[in-house]
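For reference, work-v3.cif (mmCIF, C-alpha atoms):
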```cif
data_coords
loop_
_atom_site.label_atom_id
_atom_site.label_comp_id
_atom_site.auth_asym_id
_atom_site.auth_seq_id
_atom_site.Cartn_x
_atom_site.Cartn_y
_atom_site.Cartn_z
CA MET A 1 82.84 -1.56 201.22
CA PRO A 2 85.36 -2.92 203.71
CA LYS A 3 89.08 -2.50 203.07
CA VAL A 4 92.20 -3.84 204.73
CA SER A 5 94.44 -0.96 205.80
CA LEU A 6 97.70 -1.70 207.64
CA ASP A 7 100.83 0.26 208.47
CA PHE A 8 104.30 -1.19 209.01
CA GLN A 9 107.57 0.51 210.01
CA PHE A 10 110.96 -0.96 209.15
CA ASN A 11 114.49 0.10 210.07
CA SER A 12 115.52 -0.50 206.46
CA SER A 13 116.05 1.85 203.56
CA ILE A 14 113.14 2.48 201.21
CA GLU A 15 115.20 0.80 198.45
CA ARG A 16 115.50 -2.44 200.46
CA VAL A 17 111.78 -2.49 201.26
CA TRP A 18 111.02 -1.80 197.57
CA LEU A 19 113.29 -4.70 196.61
CA ALA A 20 111.41 -7.01 199.01
CA LEU A 21 108.13 -5.97 197.37
CA THR A 22 109.30 -6.34 193.78
CA ASP A 23 111.94 -9.09 193.58
CA SER A 24 110.17 -12.37 192.83
CA LYS A 25 112.56 -14.53 194.87
CA ILE A 26 112.45 -12.25 197.92
CA LEU A 27 108.67 -11.86 197.60
CA ALA A 28 108.36 -15.66 197.71
CA LYS A 29 110.05 -15.68 201.14
CA TRP A 30 107.32 -13.62 202.81
CA VAL A 31 104.19 -13.87 200.61
CA MET A 32 104.03 -16.90 198.28
CA ASP A 33 105.79 -18.42 195.28
CA ASN A 34 105.16 -16.17 192.30
CA ASP A 35 106.18 -15.07 188.82
CA PHE A 36 105.94 -11.35 189.61
CA LYS A 37 107.73 -8.70 187.54
CA PRO A 38 107.45 -4.97 188.36
CA ILE A 39 106.07 -4.08 184.91
CA VAL A 40 102.66 -2.43 184.48
CA GLY A 41 100.34 -4.87 182.68
CA HIS A 42 102.34 -7.98 183.68
CA LYS A 43 99.98 -10.82 184.60
CA PHE A 44 101.28 -13.15 187.31
CA GLN A 45 100.23 -15.59 190.00
CA PHE A 46 100.94 -16.12 193.66
CA ARG A 47 100.83 -19.86 194.38
CA THR A 48 100.77 -21.91 197.54
CA LYS A 49 99.60 -25.33 198.66
CA PRO A 50 95.82 -25.70 198.17
CA ASN A 51 93.57 -26.62 201.08
CA LYS A 52 89.95 -27.74 201.50
CA VAL A 53 88.50 -24.28 200.95
CA TRP A 54 91.01 -22.65 198.58
CA ASP A 55 92.93 -23.70 195.44
CA GLY A 56 96.05 -21.80 196.59
CA ILE A 57 96.18 -19.54 193.51
CA VAL A 58 95.96 -15.75 193.34
CA ASP A 59 95.67 -14.28 189.85
CA SER A 60 97.15 -10.79 189.59
CA GLU A 61 98.05 -8.01 187.20
CA VAL A 62 100.44 -5.15 187.92
CA LEU A 63 98.60 -1.81 187.86
CA VAL A 64 101.11 0.76 189.18
CA VAL A 65 104.90 0.77 189.48
CA ASP A 66 106.21 4.06 190.88
CA GLN A 67 109.64 3.09 192.22
CA PRO A 68 110.24 3.35 195.20
CA ASN A 69 106.98 5.04 196.26
CA LYS A 70 104.00 2.98 195.15
CA LEU A 71 103.14 -0.49 193.86
CA SER A 72 99.67 -1.78 193.06
CA TYR A 73 98.27 -5.00 191.63
CA THR A 74 95.04 -6.95 191.42
CA TRP A 75 94.47 -9.86 193.82
CA ILE A 76 91.86 -12.23 192.41
CA THR A 77 91.13 -15.41 194.35
CA ALA A 78 88.29 -17.42 195.89
CA GLY A 79 85.65 -15.43 194.00
CA GLU A 80 86.93 -12.04 195.25
CA SER A 81 88.54 -9.45 193.00
CA THR A 82 90.49 -6.90 195.03
CA THR A 83 93.35 -4.45 194.57
CA VAL A 84 96.49 -4.38 196.74
CA THR A 85 98.35 -1.07 196.97
CA TRP A 86 101.64 -0.54 198.79
CA THR A 87 102.77 3.02 199.55
CA LEU A 88 106.30 3.64 200.84
CA LYS A 89 107.75 6.68 202.59
CA GLU A 90 111.16 7.02 204.24
CA VAL A 91 111.44 9.29 207.29
CA ASP A 92 114.59 9.50 209.45
CA LYS A 93 116.01 6.15 208.24
CA THR A 94 112.70 4.38 208.90
CA THR A 95 110.59 3.16 206.01
CA HIS A 96 106.86 3.51 206.51
CA LEU A 97 104.95 0.96 204.46
CA HIS A 98 101.19 1.35 204.05
CA LEU A 99 99.07 -1.49 202.67
CA GLU A 100 95.57 -1.03 201.39
CA GLN A 101 93.50 -3.86 199.92
CA THR A 102 90.21 -2.66 198.47
CA GLY A 103 87.27 -4.16 196.58
CA PHE A 104 85.92 -6.69 199.09
CA GLU A 105 82.21 -7.39 198.60
CA LYS A 106 81.56 -7.71 202.32
CA GLU A 107 83.33 -8.12 205.63
CA GLY A 108 83.30 -11.90 205.24
CA HIS A 109 85.76 -14.79 205.21
CA ALA A 110 87.94 -13.36 202.41
CA TYR A 111 88.27 -9.97 204.14
CA HIS A 112 89.18 -11.42 207.53
CA GLY A 113 91.53 -13.96 205.94
CA ALA A 114 93.29 -11.19 204.02
CA LYS A 115 93.67 -8.99 207.09
CA GLN A 116 95.06 -11.84 209.19
CA GLY A 117 97.30 -12.99 206.33
CA TRP A 118 98.84 -9.56 205.75
CA VAL A 119 99.58 -9.12 209.46
CA LEU A 120 101.45 -12.46 209.44
CA MET A 121 103.23 -11.62 206.17
CA GLY A 122 104.25 -8.21 207.55
CA GLY A 123 106.03 -10.03 210.37
CA LYS A 124 107.76 -12.29 207.84
CA LEU A 125 108.75 -9.25 205.78
CA GLU A 126 110.46 -7.74 208.82
CA GLN A 127 112.50 -10.95 209.19
CA VAL A 128 113.35 -11.02 205.46
CA LEU A 129 114.56 -7.40 205.59
CA THR A 130 117.05 -8.24 208.36
CA GLU A 131 118.52 -10.91 206.06
CA LEU A 132 118.97 -8.63 203.01
#
```

Output the file's structure in the form of structure tokens.
Amino acid sequence: MPKVSLDFQFNSSIERVWLALTDSKILAKWVMDNDFKPIVGHKFQFRTKPNKVWDGIVDSEVLVVDQPNKLSYTWITAGESTTVTWTLKEVDKTTHLHLEQTGFEKEGHAYHGAKQGWVLMGGKLEQVLTEL
């Protein structure tokens, strides 16, 4: 099964990167509007403007909260049910952020859209971190 696996490096503390991953208002600046809470079992949605091929809604549930090392949640949208896992590690004042999204049925539209989307959002996250 295909998986999206991306690595990002930020010149920000692990606590600031964790905050950007877990604070609903900050998360909205680089992913989508949401009602996220870093509580295992919390069900939430990411929401954005719908388009011709997508209703703009991602249904999610928090699976793992291991502050500030690991965060995982489901990502259910457009007929695909996947899991997003963020792993954080701080080395020499640089935070290494690893993203893995697993559970894609095939290397189709959803997989490629996710990979492209996370690359763009990673760039936005870098910008957001400079503003924190």

Give me the range 10-88 of chain A side of the contact with range 124-127 of chain A, cut-off 9 Å, one line per residue showing its nearest atom pair and distance in Å at one decimal, counting only C-alpha atoms, sorted by chain and residue number, as JSON lines.
```
{"residue": "A:Phe10", "atom": "CA", "partner": "A:Glu126", "partner_atom": "CA", "distance": 6.8}
{"residue": "A:Asn11", "atom": "CA", "partner": "A:Glu126", "partner_atom": "CA", "distance": 8.9}
{"residue": "A:Val17", "atom": "CA", "partner": "A:Leu125", "partner_atom": "CA", "distance": 8.7}
{"residue": "A:Ala20", "atom": "CA", "partner": "A:Leu125", "partner_atom": "CA", "distance": 7.6}
{"residue": "A:Leu27", "atom": "CA", "partner": "A:Leu125", "partner_atom": "CA", "distance": 8.6}
{"residue": "A:Lys29", "atom": "CA", "partner": "A:Lys124", "partner_atom": "CA", "distance": 7.9}
{"residue": "A:Trp30", "atom": "CA", "partner": "A:Lys124", "partner_atom": "CA", "distance": 5.2}
{"residue": "A:Val31", "atom": "CA", "partner": "A:Lys124", "partner_atom": "CA", "distance": 8.2}
```

Note to self: Take the PyMOL selection byres ((chain A and resi 48-62) around 10), run it mentally on this structure, and tell me the resulting residues as a PyMOL selection string.
What the structure shows: chain A and resi 28+31-34+36-47+63-65+71-78+80-84

Check: Between CA of Thr102 in chain A and CA of Ser5 in chain A, what is the spacing in Å?
Finding: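 According to the coordinates, CA of Ser5 in chain A and CA of Thr102 in chain A are separated by 8.6 Å.
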
Checklist line | Reference answer for the PyMOL selection byres ((chain A and resi 14) around 12), as a PyMOL selection string | finding: chain A and resi 9-13+15-21+67-70+87-97+129

Check: List as a list of chain:residue names: which residues have an atom within 8 Å of (88.6, -9.1, 205.0), counting only C-alpha atoms?
Finding: A:Pro2, A:Lys3, A:Val4, A:Phe104, A:Lys106, A:Glu107, A:Gly108, A:His109, A:Ala110, A:Tyr111, A:His112, A:Gly113, A:Ala114, A:Lys115

Next item on the list: Between CA of Gly103 in chain A and CA of Gly123 in chain A, measure the distance and give it in Å to one decimal.
Entry: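 Calculated distance between CA of Gly103 in chain A and CA of Gly123 in chain A is 24.0 Å.
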
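Counting all atoms listed in the file and comparing A:Asp66, A:Glu105, A:Leu99, A:Ile26, the residue that lies closest to Gly79 in chain A is A:Glu105.
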
Next item on the list: Please indicate the distance in Å from CA of Asp7 in chain A to CA of His98 in chain A, rounded to one decimal place.
Entry: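 Result for CA of Asp7 in chain A versus CA of His98 in chain A: 4.6 Å, one decimal.
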
Repair of range 4-18 of chain A at the level of N, CA and C atoms, as a short mmCIF file (atom, residue, chain, number, x, y, z; two decimals), keeping the file's coordinate frame:
```cif
data_model
loop_
_atom_site.label_atom_id
_atom_site.label_comp_id
_atom_site.auth_asym_id
_atom_site.auth_seq_id
_atom_site.Cartn_x
_atom_site.Cartn_y
_atom_site.Cartn_z
N VAL A 4 91.12 -3.55 203.80
CA VAL A 4 92.20 -3.84 204.73
C VAL A 4 93.18 -2.68 204.63
N SER A 5 93.50 -2.08 205.77
CA SER A 5 94.44 -0.96 205.80
C SER A 5 95.41 -1.19 206.96
N LEU A 6 96.69 -1.39 206.62
CA LEU A 6 97.70 -1.70 207.64
C LEU A 6 98.93 -0.84 207.43
N ASP A 7 99.59 -0.51 208.53
CA ASP A 7 100.83 0.26 208.47
C ASP A 7 101.95 -0.52 209.14
N PHE A 8 103.10 -0.51 208.49
CA PHE A 8 104.30 -1.19 209.01
C PHE A 8 105.44 -0.17 209.01
N GLN A 9 106.36 -0.31 209.97
CA GLN A 9 107.57 0.51 210.01
C GLN A 9 108.77 -0.44 210.05
N PHE A 10 109.76 -0.13 209.22
CA PHE A 10 110.96 -0.96 209.15
C PHE A 10 112.21 -0.10 209.25
N ASN A 11 113.20 -0.58 209.98
CA ASN A 11 114.49 0.10 210.07
C ASN A 11 115.36 -0.32 208.90
N SER A 12 114.83 -0.16 207.71
CA SER A 12 115.52 -0.50 206.46
C SER A 12 115.30 0.65 205.50
N SER A 13 116.21 0.78 204.55
CA SER A 13 116.05 1.85 203.56
C SER A 13 114.83 1.56 202.68
N ILE A 14 114.29 2.62 202.10
CA ILE A 14 113.14 2.48 201.21
C ILE A 14 113.50 1.59 200.02
N GLU A 15 114.77 1.64 199.58
CA GLU A 15 115.20 0.80 198.45
C GLU A 15 115.16 -0.69 198.81
N ARG A 16 115.54 -1.03 200.04
CA ARG A 16 115.50 -2.44 200.46
C ARG A 16 114.07 -2.94 200.59
N VAL A 17 113.19 -2.09 201.14
CA VAL A 17 111.78 -2.49 201.26
C VAL A 17 111.18 -2.64 199.86
N TRP A 18 111.50 -1.71 198.96
CA TRP A 18 111.02 -1.80 197.57
C TRP A 18 111.48 -3.11 196.93
#
```
